[in-house]
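Each remark here refers to the structure printed beneath this line.
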Amino acid sequence: LRRTSGFVSRSALAALRRKTIEPSGIAHPCRDGAGSASRGSDMIAALITAAAALQPARLRHRAPHRIVQSASATDATERESYLQYNAHAWRGVCRSVVVDATRRRVDYDADLDGKRYSAAVKRRTNGDLEERFSWDDDDAIETTLPSKDVVCDFDGSYSCDRASSLVAGTAPSFTIETGLAVSDEARIRILALYDGATGLLKRIACLDEQRVGATESTGGAALAAEVDDVFAVSGEWAGDATVRRPDNSACRVLKQDFVLRCDGERFYRGLEMRMPGDLFSTDAKTERTLLESYGEVSEPGLAYDSVVFREDGAVLCILPGCYALCPFALDEEKAFFVEAGCFVDEDDRQGQLPISVRKGIMMEGDPGTSSRFLARSVRLYAPKRELKSVTTSYHQLVDGD
């Protein structure tokens with residue numbers, strides 16, 4: 001799982017930075033108030049209201065300052081990178097858990113965990129992607145991913161929701177899918193599958209994939225598969241985020257700091273955002289604690305660690321090198337978010353990382369010395385499962401447990 005060359009050049013990223021957009025309100029991943037923010041000032045008010053019940057937590061570490069620039073996704077660069085990166089043949093292994101949303105339990109998935117498969121992804125002329133997903137010992141599943149349903153990023157990473165299934169012959173699930181580029185030749189897809197009729201979470205799966213025909217790389221990034229329990233993910237992470245509209249029509253850069261702590265029984269998760277005063281200017285910076293929550297760690301002996309956030313009605317499941325945070329059930333009358341992330345190790349040679357925290361690319365100052373990074377994607381929904389925004393962030397470990 002090594003990186004060779006980047007699909008998006010530095011000049012292309014620089015061109016993206018020079019683009020400007022008409023600044024409009026973009027929703028941000030907090031738990032409540034997702035459906036009303038449409039302009040900058042209204043967005044700030046919504047964020048404050050959503051966080052009113054939370055206890056503020058200030059993180060001690062700060063990432064290097066990123067230049068806040070406008071970028072445009074109306075340019076074809078991001079869309080073309082997404083198509084070029086994903087339209088290939090892939091080989092992978094599935095890591096999976098089944099979820100009992102009623103009992104709020106996560107268990108080993110005896111049917112799918114550890115199974116190998118092939119995924120042949122072809123590009124249509126209209127920008128849709130057709131996929132033939134074939135387990136080594138089972139029938140193939142054929143799906144189409146419409147271009148209009150995808151929110152994509154600089155490096156080929158993307159997220160979407162669609163009706164799909166991992167088991168041939170079963171009813172499609174409402175699936176929230178996140179694809180994260182680990183390197184030029186490797187990607188992670190994290191799927192949260194909900195029962196189409198009841199809205200209950202039934203499975204979380206991680207598809208760890210390598211491009212067919214890929215050769216060993218001499219440098220770059222690799223999935224940190226040893227990060228697979230509540231202690232391994234703990235630490236303080238500082239980084240940058242981009243917020244996008246569902247139609248990819250606007251993109252905004254801001255700062256996000258992320259902290260995860262565990263004492264073996266309780267798990268703490270905090271998220272802080274730093275941004276210009278009105279979100280769309282370079283005026284004085286403000287800090288907002290967006291989210292602070294505590295969860296209960298799963299009992300020892302289970303195949304994979306999980307954390308239940310009872311007040312939020314959500315579960316955090318940790319699979320080798322990645323995680324997903326999902327509500328146990330989707331309520332048509334309530335806002336919700338689904339978050340997925342993967343942990344990446346990069347050696348000391350230059351490589352292109354998912355949201356580039358690289359010297360000379362949209363950065364000022366020293367990006368730090370840690371070789372471990374965390375790529376995250378958060379899809380924020382209003383009631384009726386209406387997608388409001390997608391936030392992709394990239395964090396560097398600044399204090400690990």
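Lettering and numbering for the structure tokens are positional, with chains as A, B, ... in the shown order, residues counted from 1 in each chain, and ligands counted from 1 in the shown order.
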Could you give me, as an MDAnalysis selection string, each residue of segment 85-253 of chain A that DSSP assigns to strand (DSSP E) when run on this structure's backbone? chainID A and resid 89:100 105:108 116:123 129:135 140:145 151:152 158:164 173:183 186:194 201:211 221:223 235:244 251:253
Long-range neighbours of segment 234-242 of chain A as a PyMOL selection string, 7 Å cut-off, only C-alpha atoms, 2 positions minimum in chain: chain A and resi 61-63+230-232+244+251-262+391-401
Mind dumping the selected residues with C-alpha atoms as a CSV table (one decimal), in the first residue's frame?
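The resulting file, part.csv, is reproduced below:
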```csv
chain,number,residue,atom,x,y,z
A,61,HIS,CA,-2.0,21.9,20.5
A,62,ARG,CA,-2.3,23.9,17.3
A,63,ALA,CA,-1.5,22.8,13.8
A,230,VAL,CA,-9.5,2.5,21.5
A,231,PHE,CA,-6.0,3.1,22.9
A,232,ALA,CA,-4.3,3.1,19.5
A,244,ARG,CA,-18.4,21.4,0.5
A,251,CYS,CA,-15.5,24.7,-1.0
A,252,ARG,CA,-14.1,26.4,2.0
A,253,VAL,CA,-10.9,25.8,4.1
A,254,LEU,CA,-10.8,26.1,7.8
A,255,LYS,CA,-9.0,24.7,10.9
A,256,GLN,CA,-10.2,21.7,12.9
A,257,ASP,CA,-8.6,20.1,16.0
A,258,PHE,CA,-9.7,16.7,17.1
A,259,VAL,CA,-9.0,14.9,20.4
A,260,LEU,CA,-9.7,11.2,21.4
A,261,ARG,CA,-9.0,9.9,24.9
A,262,CYS,CA,-9.7,6.6,26.6
A,391,THR,CA,-16.6,18.1,5.5
A,392,THR,CA,-13.3,16.4,4.8
A,393,SER,CA,-10.4,17.0,7.2
A,394,TYR,CA,-6.8,15.9,7.5
A,395,HIS,CA,-5.1,15.8,10.9
A,396,GLN,CA,-1.6,15.3,12.0
A,397,LEU,CA,-0.9,13.5,15.4
A,398,VAL,CA,0.6,16.0,17.8
A,399,ASP,CA,0.2,14.2,21.1
A,400,GLY,CA,-0.3,10.4,21.1
A,401,ASP,CA,-1.2,8.2,24.1
```
How far is it from atom CA of Ser134 of chain A to atom CA of Val151 of chain A, in Å with one decimal?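 About the pair atom CA of Ser134 of chain A and atom CA of Val151 of chain A: they are 25.1 Å apart.
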Write out as a VMD selection string all residues of segment 50-276 of chain A that DSSP puts in alpha helix (DSSP H) for this structure's backbone. chain A and resid 50 77 to 86
Pick from A:Thr102, A:Thr125, A:Ser81, A:Ser298, whichever lies nearest to Cys317 of chain A using only C-alpha atoms: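 Answer, going by the shortest atom-to-atom distance: A:Ser298.
Using only C-alpha atoms, the protein and nucleic acid residues lying no more than 8 Å from Glu209 of chain A, apart from those fewer than 4 places from it along its own chain, are Trp90, Arg91, Gly92, Val93, Ala186, Arg187, Ile188 and Arg189 of chain A.
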Quick one: everything within 6 Å of segment 312-314 of chain A, counting only C-alpha atoms, minus sequence neighbours fewer than 4 positions away in the same chain. Send it as a ChimeraX atom specification. /A:326-328
Go ahead and save the picked residues with N, CA, C and O atoms, as a compact mmCIF listing (two decimals), in the first residue's frame.
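Just written: out36.txt:
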```txt
# COMPACT_ATOMS: atom_id res chain seq x y z
N CYS A 326 -21.52 6.28 13.62
CA CYS A 326 -22.82 6.27 12.97
C CYS A 326 -23.94 6.25 14.00
O CYS A 326 -23.80 5.63 15.06
N PRO A 327 -25.08 6.87 13.71
CA PRO A 327 -26.24 6.70 14.58
C PRO A 327 -26.78 5.28 14.47
O PRO A 327 -26.70 4.65 13.41
N PHE A 328 -27.32 4.76 15.56
CA PHE A 328 -27.91 3.42 15.53
C PHE A 328 -29.15 3.37 14.64
O PHE A 328 -29.47 2.33 14.07
```
Top pick for closest residue to Cys322 of chain A, considering A:Tyr268, A:Tyr381, A:Tyr194, A:Tyr304 and counting only C-alpha atoms: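 Checking each of A:Tyr268, A:Tyr381, A:Tyr194, A:Tyr304 against Cys322 of chain A, counting only C-alpha atoms, the winner is A:Tyr304.
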Please, which residues in segment 153-175 of chain A fall within 10 Å of segment 198-208 of chain A when counting only C-alpha atoms, and what is the closest atom pair and distance in Å to one decimal for each, ordered by chain then residue number, as CSV?
```
residue,atom,partner,partner_atom,distance
A:Leu166,CA,A:Ala205,CA,9.2
A:Ser173,CA,A:Lys202,CA,9.0
A:Phe174,CA,A:Gly199,CA,7.9
A:Thr175,CA,A:Leu201,CA,9.6
```
Once you have the residues from the selection above, write them out as a PDB file, in the first residue's frame, restricted to N, CA and C atoms.
```pdb
ATOM      1  N   LEU A 166     -23.978  -5.706   0.092  1.00  0.00           N
ATOM      2  CA  LEU A 166     -22.738  -6.461   0.014  1.00  0.00           C
ATOM      3  C   LEU A 166     -22.985  -7.953  -0.152  1.00  0.00           C
ATOM      4  N   SER A 173     -29.610  -1.944   0.940  1.00  0.00           N
ATOM      5  CA  SER A 173     -29.616  -1.117   2.136  1.00  0.00           C
ATOM      6  C   SER A 173     -29.470   0.349   1.737  1.00  0.00           C
ATOM      7  N   PHE A 174     -29.880   1.234   2.638  1.00  0.00           N
ATOM      8  CA  PHE A 174     -29.504   2.645   2.488  1.00  0.00           C
ATOM      9  C   PHE A 174     -28.066   2.731   2.984  1.00  0.00           C
ATOM     10  N   THR A 175     -27.143   2.918   2.059  1.00  0.00           N
ATOM     11  CA  THR A 175     -25.718   2.823   2.361  1.00  0.00           C
ATOM     12  C   THR A 175     -25.048   4.177   2.248  1.00  0.00           C
TER      13      THR A 175
END
```
